[in-house]
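With TSV, N, CA and C atoms inside, this is query_32.tsv:
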```tsv
chain	number	residue	atom	x	y	z
E	1	MET	N	200.65	96.56	227.26
E	1	MET	CA	200.28	97.96	227.20
E	1	MET	C	199.90	98.45	228.59
E	2	VAL	N	200.39	99.58	228.96
E	2	VAL	CA	200.14	100.16	230.28
E	2	VAL	C	198.81	100.93	230.25
E	3	ASP	N	197.98	100.70	231.26
E	3	ASP	CA	196.76	101.48	231.41
E	3	ASP	C	197.16	102.81	232.03
E	4	GLU	N	197.19	103.85	231.22
E	4	GLU	CA	197.70	105.14	231.68
E	4	GLU	C	196.76	105.83	232.68
E	5	ASN	N	195.58	105.25	232.93
E	5	ASN	CA	194.72	105.78	233.98
E	5	ASN	C	195.31	105.52	235.36
E	6	TYR	N	196.28	104.60	235.43
E	6	TYR	CA	196.92	104.25	236.70
E	6	TYR	C	198.37	104.74	236.76
E	7	VAL	N	198.69	105.70	235.90
E	7	VAL	CA	200.01	106.32	235.91
E	7	VAL	C	199.80	107.79	236.27
E	8	TYR	N	200.34	108.18	237.41
E	8	TYR	CA	200.17	109.54	237.92
E	8	TYR	C	201.46	110.31	237.64
E	9	VAL	N	201.34	111.47	237.00
E	9	VAL	CA	202.51	112.21	236.55
E	9	VAL	C	202.58	113.56	237.25
E	10	TYR	N	203.78	113.89	237.74
E	10	TYR	CA	204.02	115.16	238.41
E	10	TYR	C	205.28	115.80	237.84
E	11	LEU	N	205.23	117.10	237.63
E	11	LEU	CA	206.43	117.85	237.27
E	11	LEU	C	207.06	118.36	238.56
E	12	VAL	N	208.32	118.04	238.76
E	12	VAL	CA	209.02	118.44	239.99
E	12	VAL	C	210.42	118.93	239.65
E	13	ASP	N	210.96	119.74	240.54
E	13	ASP	CA	212.34	120.19	240.38
E	13	ASP	C	213.27	119.05	240.74
E	14	MET	N	214.22	118.77	239.85
E	14	MET	CA	215.19	117.69	240.05
E	14	MET	C	216.56	118.16	239.57
E	15	PRO	N	217.60	117.44	239.97
E	15	PRO	CA	218.92	117.75	239.41
E	15	PRO	C	218.87	117.61	237.88
E	16	PRO	N	219.66	118.39	237.16
E	16	PRO	CA	219.59	118.39	235.69
E	16	PRO	C	219.86	117.03	235.05
E	17	GLN	N	220.66	116.18	235.68
E	17	GLN	CA	220.97	114.88	235.08
E	17	GLN	C	219.84	113.86	235.24
E	18	THR	N	218.83	114.18	236.04
E	18	THR	CA	217.70	113.27	236.26
E	18	THR	C	216.52	113.75	235.43
E	19	HIS	N	216.08	112.91	234.51
E	19	HIS	CA	214.95	113.30	233.65
E	19	HIS	C	213.62	112.86	234.24
E	20	GLU	N	213.59	111.65	234.81
E	20	GLU	CA	212.35	111.17	235.42
E	20	GLU	C	212.67	110.13	236.48
E	21	ILE	N	211.71	109.93	237.37
E	21	ILE	CA	211.78	108.88	238.38
E	21	ILE	C	210.43	108.18	238.37
E	22	VAL	N	210.45	106.85	238.41
E	22	VAL	CA	209.22	106.06	238.42
E	22	VAL	C	209.18	105.28	239.72
E	23	THR	N	208.02	105.29	240.39
E	23	THR	CA	207.86	104.48	241.59
E	23	THR	C	206.50	103.81	241.56
E	24	PRO	N	206.44	102.54	241.98
E	24	PRO	CA	205.13	101.90	242.11
E	24	PRO	C	204.37	102.56	243.26
E	25	CYS	N	203.06	102.64	243.13
E	25	CYS	CA	202.23	103.14	244.22
E	25	CYS	C	201.06	102.17	244.41
E	26	ALA	N	200.19	102.44	245.34
E	26	ALA	CA	199.14	101.49	245.72
E	26	ALA	C	198.26	101.07	244.55
E	27	ASP	N	197.96	101.98	243.63
E	27	ASP	CA	197.05	101.63	242.55
E	27	ASP	C	197.63	101.90	241.17
E	28	GLY	N	198.94	101.80	241.04
E	28	GLY	CA	199.59	101.99	239.74
E	28	GLY	C	201.02	102.44	239.90
E	29	TYR	N	201.37	103.51	239.19
E	29	TYR	CA	202.74	104.02	239.21
E	29	TYR	C	202.71	105.54	239.26
E	30	THR	N	203.72	106.11	239.89
E	30	THR	CA	203.88	107.55	239.91
E	30	THR	C	205.13	107.88	239.12
E	31	VAL	N	205.01	108.81	238.19
E	31	VAL	CA	206.14	109.26	237.38
E	31	VAL	C	206.39	110.73	237.73
E	32	TYR	N	207.61	111.00	238.18
E	32	TYR	CA	208.03	112.36	238.45
E	32	TYR	C	208.93	112.79	237.30
E	33	ILE	N	208.57	113.88	236.63
E	33	ILE	CA	209.34	114.36	235.49
E	33	ILE	C	209.97	115.69	235.86
E	34	ASN	N	211.22	115.84	235.44
E	34	ASN	CA	211.98	117.06	235.74
E	34	ASN	C	211.29	118.26	235.10
E	35	ALA	N	210.88	119.21	235.92
E	35	ALA	CA	210.16	120.39	235.45
E	35	ALA	C	211.02	121.28	234.56
E	36	ALA	N	212.34	121.15	234.64
E	36	ALA	CA	213.23	121.98	233.84
E	36	ALA	C	213.32	121.52	232.39
E	37	LEU	N	212.81	120.34	232.08
E	37	LEU	CA	212.87	119.83	230.70
E	37	LEU	C	211.90	120.59	229.81
E	38	ASP	N	212.27	120.74	228.53
E	38	ASP	CA	211.32	121.32	227.58
E	38	ASP	C	210.28	120.25	227.21
E	39	ASP	N	209.24	120.65	226.49
E	39	ASP	CA	208.14	119.73	226.19
E	39	ASP	C	208.61	118.46	225.49
E	40	LYS	N	209.49	118.60	224.52
E	40	LYS	CA	209.99	117.44	223.78
E	40	LYS	C	210.65	116.44	224.73
E	41	HIS	N	211.50	116.92	225.61
E	41	HIS	CA	212.22	116.04	226.53
E	41	HIS	C	211.31	115.50	227.64
E	42	ARG	N	210.28	116.24	228.00
E	42	ARG	CA	209.29	115.72	228.97
E	42	ARG	C	208.57	114.52	228.38
E	43	ILE	N	208.18	114.63	227.10
E	43	ILE	CA	207.50	113.51	226.44
E	43	ILE	C	208.44	112.31	226.34
E	44	GLU	N	209.70	112.55	225.99
E	44	GLU	CA	210.67	111.46	225.93
E	44	GLU	C	210.85	110.80	227.30
E	45	ALA	N	210.91	111.62	228.35
E	45	ALA	CA	211.06	111.09	229.71
E	45	ALA	C	209.85	110.25	230.09
E	46	TYR	N	208.66	110.73	229.74
E	46	TYR	CA	207.43	109.98	230.04
E	46	TYR	C	207.42	108.64	229.30
E	47	LYS	N	207.77	108.65	228.04
E	47	LYS	CA	207.82	107.40	227.25
E	47	LYS	C	208.85	106.43	227.84
E	48	HIS	N	209.98	106.98	228.28
E	48	HIS	CA	211.02	106.15	228.91
E	48	HIS	C	210.46	105.48	230.17
E	49	ALA	N	209.73	106.27	230.97
E	49	ALA	CA	209.12	105.72	232.19
E	49	ALA	C	208.12	104.62	231.85
E	50	LEU	N	207.30	104.84	230.83
E	50	LEU	CA	206.32	103.82	230.42
E	50	LEU	C	206.99	102.52	229.99
E	51	ARG	N	208.14	102.64	229.30
E	51	ARG	CA	208.87	101.41	228.89
E	51	ARG	C	209.29	100.60	230.12
E	52	HIS	N	209.74	101.29	231.17
E	52	HIS	CA	210.13	100.58	232.40
E	52	HIS	C	208.92	99.87	233.01
E	53	ILE	N	207.78	100.54	233.01
E	53	ILE	CA	206.56	99.93	233.56
E	53	ILE	C	206.15	98.73	232.71
E	54	GLU	N	206.13	98.89	231.39
E	54	GLU	CA	205.74	97.81	230.49
E	54	GLU	C	206.69	96.62	230.60
E	55	ASN	N	207.97	96.89	230.85
E	55	ASN	CA	208.96	95.81	230.97
E	55	ASN	C	208.87	95.08	232.31
E	56	GLY	N	208.04	95.56	233.22
E	56	GLY	CA	207.92	94.92	234.53
E	56	GLY	C	209.12	95.13	235.41
E	57	ASP	N	209.82	96.24	235.21
E	57	ASP	CA	211.06	96.49	235.95
E	57	ASP	C	210.84	96.65	237.45
E	58	PHE	N	209.59	96.84	237.89
E	58	PHE	CA	209.33	97.07	239.30
E	58	PHE	C	208.66	95.87	239.97
E	59	ASP	N	208.48	94.77	239.23
E	59	ASP	CA	207.88	93.57	239.80
E	59	ASP	C	208.87	92.93	240.77
E	60	ILE	N	208.35	92.31	241.82
E	60	ILE	CA	209.21	91.69	242.85
E	60	ILE	C	210.13	90.64	242.23
E	61	ASP	N	209.68	89.97	241.18
E	61	ASP	CA	210.51	88.95	240.54
E	61	ASP	C	211.61	89.55	239.70
E	62	ASN	N	211.59	90.86	239.53
E	62	ASN	CA	212.61	91.54	238.73
E	62	ASN	C	213.40	92.54	239.56
E	63	ILE	N	213.58	92.25	240.86
E	63	ILE	CA	214.31	93.18	241.72
E	63	ILE	C	215.67	93.49	241.10
E	64	ALA	N	215.96	94.77	241.00
E	64	ALA	CA	217.22	95.18	240.39
E	64	ALA	C	217.59	96.57	240.89
E	65	THR	N	218.85	96.89	240.73
E	65	THR	CA	219.28	98.25	241.05
E	65	THR	C	218.90	99.16	239.88
E	66	VAL	N	218.98	100.44	240.10
E	66	VAL	CA	218.70	101.39	239.03
E	66	VAL	C	219.62	101.11	237.84
E	67	GLN	N	220.89	100.80	238.14
E	67	GLN	CA	221.84	100.53	237.07
E	67	GLN	C	221.43	99.30	236.26
E	68	GLU	N	220.94	98.26	236.94
E	68	GLU	CA	220.51	97.05	236.24
E	68	GLU	C	219.27	97.31	235.39
E	69	ILE	N	218.33	98.09	235.93
E	69	ILE	CA	217.11	98.43	235.18
E	69	ILE	C	217.48	99.20	233.92
E	70	GLU	N	218.34	100.21	234.07
E	70	GLU	CA	218.73	101.02	232.91
E	70	GLU	C	219.51	100.19	231.90
E	71	ALA	N	220.40	99.33	232.38
E	71	ALA	CA	221.17	98.48	231.46
E	71	ALA	C	220.24	97.59	230.66
E	72	LYS	N	219.26	96.99	231.32
E	72	LYS	CA	218.29	96.13	230.65
E	72	LYS	C	217.48	96.93	229.63
E	73	ALA	N	217.02	98.11	230.02
E	73	ALA	CA	216.20	98.94	229.14
E	73	ALA	C	216.95	99.37	227.89
E	74	HIS	N	218.26	99.52	228.02
E	74	HIS	CA	219.06	100.00	226.90
E	74	HIS	C	219.91	98.90	226.26
E	75	GLY	N	219.65	97.65	226.63
E	75	GLY	CA	220.34	96.53	226.00
E	75	GLY	C	221.82	96.42	226.33
E	76	ILE	N	222.20	96.87	227.53
E	76	ILE	CA	223.61	96.80	227.95
E	76	ILE	C	223.76	95.62	228.90
E	77	LYS	N	224.75	94.78	228.67
E	77	LYS	CA	224.98	93.61	229.52
E	77	LYS	C	225.88	94.01	230.68
E	78	ILE	N	225.45	93.67	231.91
E	78	ILE	CA	226.28	93.90	233.10
E	78	ILE	C	226.32	92.61	233.91
E	79	GLU	N	227.33	92.47	234.71
E	79	GLU	CA	227.52	91.27	235.53
E	79	GLU	C	226.97	91.52	236.93
E	80	ILE	N	226.15	90.60	237.41
E	80	ILE	CA	225.64	90.68	238.78
E	80	ILE	C	226.43	89.67	239.60
E	81	ASN	N	227.02	90.11	240.71
E	81	ASN	CA	227.86	89.20	241.47
E	81	ASN	C	227.02	88.14	242.21
E	82	LYS	N	227.68	87.07	242.63
E	82	LYS	CA	226.99	85.92	243.25
E	82	LYS	C	226.30	86.30	244.54
E	83	LYS	N	226.93	87.15	245.34
E	83	LYS	CA	226.32	87.55	246.61
E	83	LYS	C	224.99	88.27	246.37
E	84	ARG	N	224.97	89.14	245.37
E	84	ARG	CA	223.74	89.85	245.04
E	84	ARG	C	222.67	88.88	244.53
E	85	LYS	N	223.07	87.90	243.73
E	85	LYS	CA	222.11	86.91	243.23
E	85	LYS	C	221.49	86.13	244.39
E	86	ARG	N	222.31	85.77	245.40
E	86	ARG	CA	221.78	85.05	246.57
E	86	ARG	C	220.81	85.93	247.34
E	87	LEU	N	221.15	87.20	247.49
E	87	LEU	CA	220.28	88.14	248.20
E	87	LEU	C	218.94	88.28	247.47
E	88	ILE	N	218.98	88.44	246.17
E	88	ILE	CA	217.75	88.56	245.38
E	88	ILE	C	216.90	87.30	245.53
E	89	ALA	N	217.53	86.13	245.47
E	89	ALA	CA	216.79	84.87	245.62
E	89	ALA	C	216.14	84.79	247.01
E	90	ALA	N	216.85	85.22	248.04
E	90	ALA	CA	216.30	85.19	249.40
E	90	ALA	C	215.11	86.15	249.52
E	91	LEU	N	215.23	87.33	248.93
E	91	LEU	CA	214.12	88.29	248.96
E	91	LEU	C	212.89	87.74	248.24
E	92	LYS	N	213.10	87.07	247.13
E	92	LYS	CA	211.99	86.48	246.40
E	92	LYS	C	211.30	85.39	247.22
E	93	ARG	N	212.10	84.58	247.93
E	93	ARG	CA	211.52	83.53	248.80
E	93	ARG	C	210.67	84.16	249.89
E	94	LYS	N	211.21	85.20	250.53
E	94	LYS	CA	210.47	85.88	251.61
E	94	LYS	C	209.18	86.49	251.09
E	95	GLU	N	209.24	87.09	249.90
E	95	GLU	CA	208.03	87.68	249.31
E	95	GLU	C	206.99	86.59	249.03
E	96	ARG	N	207.41	85.44	248.52
E	96	ARG	CA	206.47	84.33	248.27
E	96	ARG	C	205.87	83.84	249.58
E	97	GLN	N	206.69	83.75	250.63
E	97	GLN	CA	206.19	83.33	251.94
E	97	GLN	C	205.16	84.33	252.46
E	98	ALA	N	205.45	85.61	252.33
E	98	ALA	CA	204.53	86.64	252.81
E	98	ALA	C	203.21	86.58	252.03
E	99	ARG	N	203.29	86.42	250.71
E	99	ARG	CA	202.06	86.32	249.91
E	99	ARG	C	201.24	85.10	250.32
E	100	PHE	N	201.91	83.97	250.59
E	100	PHE	CA	201.19	82.77	251.01
E	100	PHE	C	200.48	83.01	252.34
E	101	LEU	N	201.20	83.58	253.32
E	101	LEU	CA	200.60	83.84	254.62
E	101	LEU	C	199.40	84.78	254.49
E	102	GLN	N	199.53	85.81	253.67
E	102	GLN	CA	198.41	86.74	253.47
E	102	GLN	C	197.24	86.04	252.80
E	103	SER	N	197.51	85.12	251.87
E	103	SER	CA	196.42	84.40	251.20
E	103	SER	C	195.67	83.49	252.17
E	104	GLN	N	196.31	83.12	253.28
E	104	GLN	CA	195.70	82.28	254.29
E	104	GLN	C	195.02	83.10	255.39
E	105	GLY	N	194.98	84.43	255.19
E	105	GLY	CA	194.31	85.31	256.14
E	105	GLY	C	195.20	85.81	257.27
E	106	TYR	N	196.49	85.53	257.22
E	106	TYR	CA	197.41	85.96	258.26
E	106	TYR	C	197.72	87.44	258.06
E	107	ASP	N	197.56	88.24	259.11
E	107	ASP	CA	197.81	89.67	259.03
E	107	ASP	C	199.24	89.97	259.50
E	108	LEU	N	200.12	90.19	258.55
E	108	LEU	CA	201.53	90.41	258.87
E	108	LEU	C	201.74	91.69	259.68
E	109	PHE	N	200.98	92.73	259.36
E	109	PHE	CA	201.15	94.00	260.07
E	109	PHE	C	200.69	93.89	261.52
E	110	LEU	N	199.56	93.24	261.73
E	110	LEU	CA	199.07	93.06	263.10
E	110	LEU	C	200.06	92.23	263.91
E	111	SER	N	200.60	91.19	263.29
E	111	SER	CA	201.59	90.36	263.96
E	111	SER	C	202.82	91.18	264.35
E	112	ALA	N	203.29	92.02	263.42
E	112	ALA	CA	204.46	92.86	263.71
E	112	ALA	C	204.16	93.84	264.83
E	113	GLU	N	202.97	94.43	264.80
E	113	GLU	CA	202.59	95.36	265.86
E	113	GLU	C	202.57	94.65	267.20
E	114	ASN	N	201.97	93.47	267.24
E	114	ASN	CA	201.90	92.72	268.50
E	114	ASN	C	203.28	92.34	269.00
E	115	GLN	N	204.17	91.98	268.08
E	115	GLN	CA	205.48	91.52	268.49
E	115	GLN	C	206.39	92.67	268.92
E	116	TYR	N	206.33	93.80	268.20
E	116	TYR	CA	207.31	94.85	268.44
E	116	TYR	C	206.77	96.07	269.21
E	117	LEU	N	205.46	96.26	269.24
E	117	LEU	CA	204.92	97.46	269.89
E	117	LEU	C	204.27	97.18	271.24
E	118	GLU	N	203.96	95.94	271.51
E	118	GLU	CA	203.34	95.61	272.80
E	118	GLU	C	204.40	95.69	273.90
E	119	PRO	N	204.06	96.32	275.04
E	119	PRO	CA	205.02	96.36	276.14
E	119	PRO	C	205.22	94.94	276.72
E	120	ARG	N	206.41	94.69	277.17
E	120	ARG	CA	206.73	93.35	277.73
E	120	ARG	C	206.91	93.43	279.20
```

Mind turning the file's structure into structure tokens?
Amino acid sequence: MVDENYVYVYLVDMPPQTHEIVTPCADGYTVYINAALDDKHRIEAYKHALRHIENGDFDIDNIATVQEIEAKAHGIKIEINKKRKRLIAALKRKERQARFLQSQGYDLFLSAENQYLEPR
């Protein structure tokens, strides 16, 4: 169950084919709902967004394209090519490495600043 205190909802102008957009944010999720929708469709769009959050579609271990997320949410089987699977596996390894370094007190941002912003 999603704690809706950490779901921030905004009505925004969007293309007619887009009902909602969900993005993770620092302390939860932001849901943008198409302002042109009537109340019934706004509620449906919000519920659809909550299902994606509840399914963990935005977790690093579930990296996917929008098409893959939608296919999973609607029970449609799609094929992911081998190159994409290797890329996803590499991203997951890097994320685990970054989490480990951070757990050991290593400041990744400070390191990047020192490496790329310091004059040589």

For this session: Identify, with DSSP run on backbone atoms, the residues in range 14-114 of chain E assigned to strand (DSSP E or B), and express the list as an MDAnalysis selection string.
Result: chainID E and resid 20:25 28:34

For this session: Between atom C of Asp39 in chain E and atom C of Ala26 in chain E, measure the distance and give it in Å to one decimal.
Result: 27.8 Å

Problem set entry | Atom pair CA of His74 in chain E / CA of Thr18 in chain E: separation (Å) |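 Interatomic distance here is 16.3 Å.
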
Exercise. What's the 8 Å shell around Leu37 in chain E, counting all atoms listed in the file, without same-chain residues fewer than 5 positions away, as a list in words?
Worked result: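 So the residues in contact are Pro16, His19, Arg42 and Ile43 of chain E.
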
Please dump the current selection as a PDB file, in the frame of the given file; keep N, CA and C atoms.
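Final output, out.pdb:
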```pdb
ATOM      1  N   PRO E  16     219.660 118.390 237.160  1.00  0.00           N
ATOM      2  CA  PRO E  16     219.590 118.390 235.690  1.00  0.00           C
ATOM      3  C   PRO E  16     219.860 117.030 235.050  1.00  0.00           C
ATOM      4  N   HIS E  19     216.080 112.910 234.510  1.00  0.00           N
ATOM      5  CA  HIS E  19     214.950 113.300 233.650  1.00  0.00           C
ATOM      6  C   HIS E  19     213.620 112.860 234.240  1.00  0.00           C
ATOM      7  N   ARG E  42     210.280 116.240 228.000  1.00  0.00           N
ATOM      8  CA  ARG E  42     209.290 115.720 228.970  1.00  0.00           C
ATOM      9  C   ARG E  42     208.570 114.520 228.380  1.00  0.00           C
ATOM     10  N   ILE E  43     208.180 114.630 227.100  1.00  0.00           N
ATOM     11  CA  ILE E  43     207.500 113.510 226.440  1.00  0.00           C
ATOM     12  C   ILE E  43     208.440 112.310 226.340  1.00  0.00           C
TER      13      ILE E  43
END
```

Problem set entry | Residues near Val9 in chain E, cut-off 7 Å, only C-alpha atoms, skip fewer than 4 positions along chain, as a PyMOL selection string | chain E and resi 30-32

Keeping only N, CA and C atoms, write the selected residues to a file as a PDB file, in the coordinates of the input.
```pdb
ATOM      1  N   THR E  30     203.720 106.110 239.890  1.00  0.00           N
ATOM      2  CA  THR E  30     203.880 107.550 239.910  1.00  0.00           C
ATOM      3  C   THR E  30     205.130 107.880 239.120  1.00  0.00           C
ATOM      4  N   VAL E  31     205.010 108.810 238.190  1.00  0.00           N
ATOM      5  CA  VAL E  31     206.140 109.260 237.380  1.00  0.00           C
ATOM      6  C   VAL E  31     206.390 110.730 237.730  1.00  0.00           C
ATOM      7  N   TYR E  32     207.610 111.000 238.180  1.00  0.00           N
ATOM      8  CA  TYR E  32     208.030 112.360 238.450  1.00  0.00           C
ATOM      9  C   TYR E  32     208.930 112.790 237.300  1.00  0.00           C
TER      10      TYR E  32
END
```

Exercise. So how far away is CA of Leu11 in chain E from CA of Lys40 in chain E, in Å?
Worked result: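 Calculated distance between CA of Lys40 in chain E and CA of Leu11 in chain E is 14.0 Å.
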
For this session: Return as a PyMOL selection string the full set of residues in range 18-112 of chain E whose backbone-based DSSP assignment is helix (DSSP H, G or I).
Result: chain E and resi 39-54+60-62+66-73+82-103+108-112

Exercise. Using all atoms listed in the file, which of the listed residues (E:Ala112, E:Val2, E:Leu101, E:Met14) sits closest to Glu54 in chain E?
Worked result: E:Val2

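Residue nearest Leu50 in chain E, chosen from E:Val22, E:Ala71, E:Ile76, E:Val12 and counting all atoms listed in the file: E:Val22.
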
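Proximity of E:Ala98, E:Phe58, E:Tyr106, E:Lys47 to Thr23 in chain E, computed with all atoms listed in the file, is greatest for E:Phe58.
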
Quick one: 4 Å padding each side, axis-aligned, all listed atoms of range 37-41 of chain E - centre and edge lengths in Å to one decimal, as JSON?
```
{"center_x": 210.5, "center_y": 118.4, "center_z": 227.9, "size_x": 12.7, "size_y": 13.8, "size_z": 16.3}
```
